[in-house]
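Undergrad: Below is the file data-v2.csv, which contains CSV, C-alpha atoms.
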chain,number,residue,atom,x,y,z
A,27,MET,CA,-82.6,49.0,-8.2
A,28,ALA,CA,-84.6,46.2,-10.0
A,29,SER,CA,-86.4,47.1,-13.2
A,30,ASN,CA,-90.2,46.5,-13.6
A,31,LYS,CA,-89.9,46.0,-17.3
A,32,PRO,CA,-90.5,42.6,-18.7
A,33,ALA,CA,-87.5,40.5,-19.4
A,34,PRO,CA,-86.2,41.1,-22.9
A,35,GLU,CA,-86.5,38.7,-25.6
A,36,ALA,CA,-83.4,36.7,-26.6
A,37,PRO,CA,-81.3,38.7,-29.0
A,38,PHE,CA,-81.2,38.0,-32.7
A,39,GLY,CA,-79.0,35.1,-33.5
A,40,THR,CA,-78.8,33.7,-30.0
A,41,LEU,CA,-80.0,30.2,-29.3
A,42,GLU,CA,-81.4,29.3,-25.8
A,43,THR,CA,-81.3,25.8,-24.6
A,44,ASP,CA,-83.1,24.2,-21.7
A,45,PHE,CA,-81.4,22.5,-18.6
A,46,PHE,CA,-80.3,19.5,-20.7
A,47,GLY,CA,-79.2,21.5,-23.7
A,48,ASN,CA,-82.3,21.0,-25.8
A,49,GLU,CA,-83.5,23.6,-28.3
A,50,PRO,CA,-87.1,24.6,-28.1
A,51,ALA,CA,-89.3,23.1,-30.9
A,52,GLU,CA,-90.2,26.4,-32.4
A,53,ARG,CA,-88.8,29.9,-31.8
A,54,ALA,CA,-90.1,33.2,-33.0
A,55,TRP,CA,-87.4,35.6,-34.0
A,56,GLU,CA,-88.1,39.3,-33.4
A,57,GLU,CA,-86.0,42.4,-33.6
A,58,TRP,CA,-84.7,43.6,-30.2
A,59,ASN,CA,-83.0,46.8,-29.3
A,60,PRO,CA,-81.0,46.4,-26.0
A,61,THR,CA,-81.2,49.1,-23.4
A,62,GLU,CA,-79.2,49.8,-20.3
A,63,ASP,CA,-81.6,47.9,-18.1
A,64,SER,CA,-82.1,45.0,-20.5
A,65,VAL,CA,-78.4,44.1,-20.8
A,66,ARG,CA,-77.9,43.5,-17.1
A,67,PRO,CA,-76.8,39.9,-16.4
A,68,VAL,CA,-79.7,37.7,-15.7
A,69,ARG,CA,-79.4,36.1,-12.3
A,70,GLY,CA,-80.5,32.5,-11.8
A,71,ARG,CA,-79.7,29.2,-13.3
A,72,HIS,CA,-80.9,30.1,-16.8
A,73,ARG,CA,-77.8,31.2,-18.6
A,74,VAL,CA,-76.7,31.2,-22.2
A,75,MET,CA,-74.5,28.3,-23.1
A,76,LYS,CA,-72.3,28.0,-26.1
A,77,GLN,CA,-73.0,24.9,-28.0
A,78,ARG,CA,-70.0,22.8,-29.0
A,79,GLY,CA,-70.6,19.8,-31.3
A,80,GLY,CA,-74.1,19.3,-29.9
A,81,LEU,CA,-72.7,18.8,-26.3
A,82,ALA,CA,-73.6,21.6,-23.8
A,83,ARG,CA,-71.3,22.5,-21.0
A,84,SER,CA,-73.7,22.0,-18.1
A,85,SER,CA,-74.1,20.0,-15.0
A,86,THR,CA,-75.6,17.3,-17.1
A,87,VAL,CA,-72.1,16.7,-18.7
A,88,LEU,CA,-70.5,16.6,-15.2
A,89,GLY,CA,-73.1,14.0,-14.1
A,90,VAL,CA,-72.4,11.8,-17.1
A,91,GLY,CA,-68.6,12.2,-16.5
A,92,VAL,CA,-69.1,10.9,-12.9
A,93,ILE,CA,-71.1,8.0,-14.1
A,94,ALA,CA,-68.5,7.2,-16.7
A,95,ALA,CA,-65.7,7.4,-14.1
A,96,VAL,CA,-67.7,5.0,-11.9
A,97,GLY,CA,-68.1,2.6,-14.8
A,98,ALA,CA,-64.4,2.9,-15.9
A,99,GLY,CA,-62.9,2.8,-12.5
A,100,GLY,CA,-64.9,-0.1,-11.2
A,101,MET,CA,-66.1,1.3,-7.9
A,102,ALA,CA,-66.7,-1.6,-5.5
A,103,THR,CA,-70.0,-2.0,-3.8
A,104,ALA,CA,-70.6,-0.6,-0.3
A,105,GLN,CA,-72.0,-3.5,1.5
A,106,ASP,CA,-72.8,-1.6,4.7
A,107,LYS,CA,-74.8,1.3,3.1
A,108,PRO,CA,-78.2,1.2,1.5
A,109,PRO,CA,-78.3,1.4,-2.4
A,110,VAL,CA,-78.8,4.8,-4.0
A,111,SER,CA,-81.0,4.9,-7.1
A,112,ILE,CA,-79.8,7.0,-10.1
A,113,SER,CA,-82.3,7.7,-12.9
A,114,LEU,CA,-81.2,9.0,-16.2
A,115,PRO,CA,-83.6,11.2,-18.3
A,116,ASP,CA,-84.2,10.2,-21.9
A,117,SER,CA,-82.8,13.5,-23.0
A,118,ILE,CA,-79.3,12.4,-22.2
A,119,ALA,CA,-79.7,9.4,-24.6
A,120,ASP,CA,-81.1,11.7,-27.2
A,121,ASN,CA,-78.6,14.5,-27.0
A,122,LEU,CA,-75.5,12.6,-25.9
A,123,PRO,CA,-75.1,9.6,-28.2
A,124,GLU,CA,-71.5,9.4,-27.2
A,125,ALA,CA,-72.4,8.5,-23.6
A,126,LYS,CA,-73.6,5.1,-24.7
A,127,SER,CA,-70.0,4.2,-25.6
A,128,LEU,CA,-68.8,5.2,-22.1
A,129,PRO,CA,-67.9,2.2,-19.9
A,130,GLY,CA,-70.7,1.3,-17.5
A,131,VAL,CA,-73.1,3.9,-18.9
A,132,GLY,CA,-74.3,2.2,-22.1
A,133,SER,CA,-76.2,-0.4,-20.1
A,134,LEU,CA,-78.1,2.5,-18.5
A,135,MET,CA,-79.0,4.0,-21.8
A,136,SER,CA,-80.2,0.9,-23.7
A,137,ASP,CA,-82.1,1.6,-26.9
A,138,ASP,CA,-83.8,-1.8,-26.9
A,139,ALA,CA,-87.5,-1.2,-27.2
A,140,SER,CA,-88.2,-4.6,-25.7
A,141,ASP,CA,-87.4,-3.3,-22.2
A,142,ALA,CA,-90.9,-3.0,-20.9
A,143,ASP,CA,-90.0,-1.6,-17.6
A,144,ALA,CA,-87.6,1.4,-18.1
A,145,GLY,CA,-87.8,2.1,-14.4
A,146,ASN,CA,-85.8,-1.0,-13.7
A,147,VAL,CA,-82.8,0.6,-15.5
A,148,ASN,CA,-83.4,4.0,-13.9
A,149,ALA,CA,-83.8,2.6,-10.5
A,150,ALA,CA,-80.6,0.5,-10.7
A,151,PRO,CA,-78.6,1.6,-7.6
A,152,LEU,CA,-75.1,2.9,-8.1
A,153,THR,CA,-73.9,1.0,-5.1
A,154,ALA,CA,-75.0,-2.2,-6.7
A,155,MET,CA,-72.4,-1.8,-9.4
A,156,THR,CA,-69.5,-4.2,-8.8
A,157,LEU,CA,-66.2,-5.1,-10.4
A,158,ALA,CA,-66.3,-8.0,-12.8
A,159,SER,CA,-63.9,-10.8,-12.1
A,160,ASP,CA,-61.3,-11.9,-14.6
A,161,SER,CA,-63.6,-14.6,-15.9
A,162,GLY,CA,-66.3,-12.0,-16.6
A,163,ALA,CA,-68.7,-13.1,-13.8
A,164,GLU,CA,-70.3,-10.4,-11.6
A,165,ALA,CA,-69.0,-10.2,-8.1
A,166,GLY,CA,-71.6,-10.1,-5.3
A,167,PRO,CA,-71.5,-9.9,-1.5
A,168,ASP,CA,-70.5,-13.6,-1.3
A,169,SER,CA,-67.7,-13.1,-3.8
A,170,ALA,CA,-66.5,-10.0,-1.9
A,171,ALA,CA,-66.4,-12.0,1.4
A,172,GLY,CA,-64.6,-14.7,-0.5
A,173,ALA,CA,-62.1,-12.2,-1.8
A,174,GLY,CA,-61.5,-10.9,1.7
A,175,GLU,CA,-61.0,-14.4,3.0
A,176,ALA,CA,-58.6,-15.1,0.2
A,177,LEU,CA,-56.7,-11.9,1.0
A,178,ARG,CA,-56.6,-13.0,4.7
A,179,ALA,CA,-55.4,-16.4,3.7
A,180,ARG,CA,-52.7,-14.9,1.5
A,181,ILE,CA,-51.5,-12.6,4.3
A,182,LEU,CA,-51.4,-15.5,6.7
A,183,GLN,CA,-49.5,-17.6,4.1
A,184,GLN,CA,-47.0,-14.8,3.6
A,185,ALA,CA,-46.6,-14.4,7.4
A,186,GLU,CA,-46.0,-18.1,7.8
A,187,GLN,CA,-43.5,-18.1,5.0
A,188,GLN,CA,-41.7,-15.1,6.5
A,189,GLN,CA,-41.7,-16.9,9.9
A,190,ALA,CA,-40.4,-20.0,8.3
A,191,GLU,CA,-37.6,-18.1,6.6
A,192,ALA,CA,-36.8,-16.4,9.9
A,193,ASP,CA,-36.7,-19.7,11.7
A,194,ALA,CA,-34.5,-21.2,8.9
A,195,GLU,CA,-32.1,-18.2,9.2
A,196,ALA,CA,-32.0,-18.5,13.0
A,197,LYS,CA,-31.4,-22.3,12.7
A,198,ALA,CA,-28.6,-21.7,10.1
A,199,ALA,CA,-27.0,-19.1,12.4
A,200,ALA,CA,-27.2,-21.4,15.4
A,201,GLU,CA,-25.7,-24.3,13.4
A,202,LYS,CA,-22.9,-22.0,12.1
A,203,LEU,CA,-22.2,-20.8,15.7
A,204,ALA,CA,-22.2,-24.3,17.0
A,205,ALA,CA,-19.9,-25.4,14.2
A,206,GLU,CA,-17.5,-22.5,14.8
A,207,LYS,CA,-17.6,-23.3,18.6
A,208,ALA,CA,-16.9,-26.9,17.9
A,209,ALA,CA,-14.0,-26.0,15.5
A,210,ALA,CA,-12.5,-23.6,18.1
A,211,GLU,CA,-12.8,-26.3,20.8
A,212,ALA,CA,-11.2,-28.9,18.5
A,213,ALA,CA,-8.4,-26.4,17.7
A,214,LYS,CA,-7.9,-25.8,21.4
A,215,GLN,CA,-7.8,-29.5,22.1
A,216,GLN,CA,-5.4,-30.0,19.3
A,217,THR,CA,-3.2,-27.2,20.5
A,218,ALA,CA,-3.2,-28.6,24.0
A,219,ALA,CA,-2.5,-32.1,22.7
A,220,GLU,CA,0.4,-30.7,20.6
A,221,ALA,CA,1.8,-28.8,23.6
A,222,LYS,CA,1.5,-31.9,25.8
A,223,ALA,CA,3.2,-34.0,23.2
A,224,GLU,CA,6.0,-31.4,22.8
A,225,ALA,CA,6.4,-31.3,26.6
A,226,GLU,CA,6.5,-35.1,26.8
A,227,LYS,CA,9.0,-35.1,23.9
A,228,LEU,CA,11.2,-32.6,25.7
A,229,ALA,CA,10.9,-34.4,29.0
A,230,ALA,CA,11.8,-37.7,27.2
A,231,GLU,CA,14.8,-36.1,25.5
A,232,LYS,CA,15.9,-34.5,28.8
A,233,ALA,CA,15.5,-37.8,30.6
A,234,ALA,CA,17.4,-39.6,27.8
A,235,ALA,CA,20.2,-37.0,27.9
A,236,ALA,CA,20.4,-37.3,31.7
A,237,LYS,CA,20.5,-41.0,31.4
A,238,ALA,CA,23.2,-40.9,28.8
A,239,GLU,CA,25.2,-38.4,30.9
A,240,ALA,CA,24.9,-40.6,33.9
A,241,GLU,CA,26.1,-43.6,31.9
A,242,ARG,CA,28.9,-41.5,30.6
A,243,LEU,CA,29.9,-40.3,34.0
A,244,ALA,CA,29.6,-43.8,35.4
A,245,GLN,CA,31.8,-45.1,32.7
A,246,LEU,CA,34.1,-42.1,33.2
A,247,ALA,CA,34.2,-42.7,37.0
A,248,LYS,CA,35.7,-46.0,36.4
A,249,SER,CA,38.8,-44.2,35.1
A,250,TYR,CA,38.8,-41.6,37.8
A,251,ALA,CA,39.1,-41.8,41.6
A,252,LEU,CA,39.0,-39.5,44.7
A,253,PRO,CA,42.4,-38.4,45.9
A,254,THR,CA,41.9,-39.8,49.4
A,255,SER,CA,39.4,-41.5,51.6
A,256,SER,CA,38.0,-41.0,55.1
A,257,TYR,CA,38.1,-37.2,54.6
A,258,THR,CA,36.3,-34.0,55.6
A,259,ILE,CA,36.1,-31.0,53.4
A,260,THR,CA,37.3,-28.0,55.4
A,261,SER,CA,38.0,-25.3,52.8
A,262,THR,CA,36.6,-24.9,49.2
A,263,PHE,CA,37.9,-23.1,46.1
A,264,GLY,CA,37.6,-19.3,46.1
A,265,GLU,CA,37.2,-18.7,49.8
A,266,SER,CA,38.8,-15.4,51.0
A,267,GLY,CA,41.2,-15.1,54.0
A,268,SER,CA,44.5,-13.7,55.2
A,269,MET,CA,46.0,-17.1,55.7
A,270,TRP,CA,46.4,-17.5,52.0
A,271,SER,CA,49.1,-15.5,50.2
A,272,SER,CA,46.9,-14.9,47.2
A,273,GLY,CA,44.1,-13.6,49.4
A,274,TYR,CA,41.8,-16.5,48.6
A,275,HIS,CA,41.9,-20.3,48.7
A,276,THR,CA,43.1,-21.7,45.4
A,277,GLY,CA,42.2,-25.4,46.0
A,278,LEU,CA,40.1,-27.9,47.9
A,279,ASP,CA,41.2,-29.2,51.4
A,280,PHE,CA,40.6,-32.8,52.4
A,281,ALA,CA,41.2,-33.0,56.1
A,282,ALA,CA,42.4,-36.5,57.1
A,283,PRO,CA,44.8,-38.1,59.6
A,284,THR,CA,48.5,-37.9,58.8
A,285,GLY,CA,49.6,-40.9,56.7
A,286,THR,CA,46.3,-41.4,54.9
A,287,PRO,CA,47.1,-42.6,51.4
A,288,VAL,CA,47.0,-40.0,48.5
A,289,LYS,CA,45.9,-41.5,45.2
A,290,ALA,CA,46.2,-40.5,41.6
A,291,VAL,CA,42.8,-39.3,40.4
A,292,HIS,CA,43.5,-40.5,36.8
A,293,GLY,CA,46.2,-42.1,34.8
A,294,GLY,CA,49.0,-39.7,33.8
A,295,THR,CA,52.7,-38.8,34.2
A,296,VAL,CA,54.3,-37.3,37.2
A,297,LYS,CA,55.6,-33.8,36.1
A,298,SER,CA,57.3,-32.9,39.4
A,299,ALA,CA,57.6,-34.3,43.0
A,300,GLY,CA,59.3,-32.6,45.9
A,301,TRP,CA,59.4,-29.6,48.3
A,302,SER,CA,57.5,-26.4,47.1
A,303,GLY,CA,57.7,-23.7,49.8
A,304,SER,CA,54.3,-22.9,51.3
A,305,TYR,CA,52.9,-26.0,49.6
A,306,GLY,CA,55.3,-28.3,51.6
A,307,TYR,CA,55.8,-31.6,49.8
A,308,ARG,CA,53.9,-31.4,46.5
A,309,THR,CA,53.4,-33.8,43.6
A,310,VAL,CA,52.2,-32.5,40.2
A,311,LEU,CA,50.4,-35.1,38.0
A,312,GLU,CA,49.9,-34.2,34.3
A,313,LEU,CA,47.0,-36.0,32.6
A,314,GLU,CA,46.7,-37.1,29.0
A,315,ASP,CA,44.7,-33.9,28.0
A,316,GLY,CA,47.3,-31.6,29.6
A,317,THR,CA,45.4,-30.9,32.8
A,318,GLU,CA,47.6,-30.7,35.9
A,319,VAL,CA,46.6,-32.0,39.4
A,320,TRP,CA,48.6,-30.7,42.4
A,321,TYR,CA,48.9,-32.6,45.7
A,322,ALA,CA,50.3,-30.4,48.5
A,323,HIS,CA,51.2,-30.6,52.2
A,324,GLN,CA,52.1,-34.3,52.0
A,325,SER,CA,54.0,-36.0,54.7
A,326,SER,CA,55.8,-38.2,52.1
A,327,ILE,CA,56.0,-38.7,48.3
A,328,SER,CA,55.9,-42.2,46.8
A,329,VAL,CA,56.6,-41.3,43.1
A,330,SER,CA,59.2,-39.4,41.1
A,331,ALA,CA,59.2,-37.0,38.1
A,332,GLY,CA,58.6,-38.7,34.8
A,333,GLN,CA,56.8,-41.7,36.3
A,334,LYS,CA,53.6,-42.9,34.8
A,335,VAL,CA,50.8,-43.8,37.2
A,336,THR,CA,47.3,-45.3,36.9
A,337,THR,CA,44.0,-44.3,38.3
A,338,GLY,CA,43.8,-45.0,42.1
A,339,GLU,CA,47.5,-45.7,42.5
A,340,THR,CA,49.1,-44.3,45.7
A,341,ILE,CA,51.4,-41.5,45.1
A,342,GLY,CA,52.0,-40.1,48.7
A,343,ARG,CA,50.6,-39.6,52.2
A,344,VAL,CA,48.5,-36.9,53.9
A,345,GLY,CA,50.6,-34.6,56.0
A,346,ALA,CA,50.9,-31.0,57.5
A,347,THR,CA,54.0,-29.7,55.7
A,348,GLY,CA,54.2,-26.1,54.5
A,349,ASN,CA,51.8,-23.3,55.5
A,350,VAL,CA,49.1,-25.3,57.3
A,351,THR,CA,47.1,-25.4,60.5
A,352,GLY,CA,46.7,-29.2,60.6
A,353,PRO,CA,47.1,-32.4,58.5
A,354,HIS,CA,45.1,-32.3,55.2
A,355,LEU,CA,45.6,-32.8,51.5
A,356,HIS,CA,45.5,-29.5,49.5
A,357,LEU,CA,44.3,-30.4,46.0
A,358,GLU,CA,44.5,-28.0,43.0
A,359,VAL,CA,43.5,-28.4,39.4
A,360,HIS,CA,45.0,-26.3,36.5
A,361,THR,CA,44.2,-26.2,32.8
A,362,PRO,CA,46.9,-26.7,30.2
A,363,GLY,CA,47.3,-22.9,30.1
A,364,GLY,CA,47.8,-22.6,33.8
A,365,SER,CA,44.4,-21.2,35.0
A,366,GLY,CA,43.0,-22.6,38.2
A,367,LEU,CA,39.7,-24.6,38.3
A,368,ASP,CA,37.3,-25.5,41.1
A,369,PRO,CA,38.5,-29.0,42.1
A,370,MET,CA,35.1,-30.0,43.4
A,371,ALA,CA,33.3,-29.2,40.2
A,372,TRP,CA,36.0,-30.8,38.1
A,373,LEU,CA,35.9,-34.1,40.1
A,374,ARG,CA,32.1,-34.1,39.9
A,375,GLY,CA,32.4,-33.6,36.2
A,376,LYS,CA,34.3,-36.8,36.1
A,377,GLY,CA,31.4,-38.7,37.7
A,378,LEU,CA,32.8,-38.6,41.2
A,379,SER,CA,30.7,-37.8,44.3
A,380,ILE,CA,32.2,-35.7,47.0
Can the structure in the file be given as structure tokens, please?

TA:
Amino acid sequence: MASNKPAPEAPFGTLETDFFGNEPAERAWEEWNPTEDSVRPVRGRHRVMKQRGGLARSSTVLGVGVIAAVGAGGMATAQDKPPVSISLPDSIADNLPEAKSLPGVGSLMSDDASDADAGNVNAAPLTAMTLASDSGAEAGPDSAAGAGEALRARILQQAEQQQAEADAEAKAAAEKLAAEKAAAEAAKQQTAAEAKAEAEKLAAEKAAAAKAEAERLAQLAKSYALPTSSYTITSTFGESGSMWSSGYHTGLDFAAPTGTPVKAVHGGTVKSAGWSGSYGYRTVLELEDGTEVWYAHQSSISVSAGQKVTTGETIGRVGATGNVTGPHLHLEVHTPGGSGLDPMAWLRGKGLSI
């Protein structure tokens, strides 16, 4: 319930200030006895403030702080909004001498008496405050547009530089890939060339070896001869059959008419000559290396044991003596140890064609 009594006077020793923290010029001090109704808190904006160093804690200080922050921070102008005027009462300058030292505020609180029109300072719009350039010149709308254009140019320059770097990297990568591909192709061609050269070398060596072997055989053939002429091969070495006592054929049969000359295949010494059971008339010729050549089923023998003969010399005649089915020369070849060899392969090894 509100009291109808008049508001009590300020208590003894208490100093009231106005909105800006100013003390009244004169104040009468009277004794005051507080009552229950008079000590209730006074509602409204008039409150007792404690004074600290002559600077009151009020909204005035907050306003000055904002203005100082604007001056210190360098708030840029808002080009698209109308200016807002801010007027500063003289009481701020009187009671807050420290405010003059705040950045951006001292110019609003000039003590120069020569300023005839104080309203020009009070009416200065906050949005007209701009950042000063490094050279100290004030920045206006044109300079702000120039700064924006400069920023745009810098961004474009950076984009072009990045694009140039990306193009350079791509070009370097492409050149590296091309170089690697060229190196791989060169290595491949070199490998192919080396393989071709090696194949040609092997082929040349093989051809040279074949030629040398042919020359050797040709020269060797001059010292060897076929055992007979006008012949037909009827049985080869290794054939199986019941007609042979060993179960297989141990030589090479040259079918020819009876009386066809039988010749020494190489120069050597007659080891034996005469009848030899199933072989009929047989002549054994021992060559210089110990190889023995057997001539069987002859109709007649022209040499004797211990006789030396030369290549192509007649040593007998084709016949049908012994275990035979018709006239032919049965030829066998044995190593010095007595093992049988394939006569056809042996004769071809001496450069002879059968």

Undergrad: So how far away is atom CA of Tyr307 of chain A from atom CA of Gly342 of chain A, in Å?

TA: 9.4 Å

Undergrad: Give me, please, the distance in Å between atom CA of Thr317 of chain A and atom CA of Pro362 of chain A, quoted to one decimal.

TA: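 Going from atom CA of Thr317 of chain A over to atom CA of Pro362 of chain A, I get 5.2 Å.
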
Undergrad: Please report the interatomic distance between atom CA of Gly332 of chain A and atom CA of Ala247 of chain A in Å with one decimal.

TA: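 Computing the Euclidean distance for atom CA of Gly332 of chain A and atom CA of Ala247 of chain A yields 24.8 Å.
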
Undergrad: Within 10 Å of (49.1, -26.7, 55.2) in the file's own coordinates, which protein, DNA or RNA residues have an atom, counting only C-alpha atoms? List them as a PyMOL selection string.

TA: chain A and resi 279+304-307+322-324+345-356

Undergrad: Go through A:Ser330, A:Gln216, A:Gln183, A:Ser325 and flag the residue nearest Val310 of chain A, using only C-alpha atoms for the distances.

TA: A:Ser330

Undergrad: Step by step: start from the point (49.9, -39.2, 54.8) in the file's coordinates, keep every protein, DNA or RNA residue that has an atom no farther than 6 Å from it, count all atoms listed in the file, and write the set as a list in words.

TA: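 Every residue inside that radius is included here: Thr284, Gly285, Thr286, Pro287, Ser325, Arg343, Val344 and Gly345 of chain A.
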
Undergrad: Using only C-alpha atoms, which residue out of A:Glu312, A:Glu339, A:Glu175, A:Glu358 lies closest to Ser249 of chain A?

TA: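 Of A:Glu312, A:Glu339, A:Glu175, A:Glu358, the one nearest Ser249 of chain A is A:Glu339, counting only C-alpha atoms.
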
Undergrad: So, with only C-alpha atoms as the atoms that count, which of A:Ala290, A:Leu228, A:Gln189, A:Asp168 lies closest to Gly338 of chain A?

TA: A:Ala290
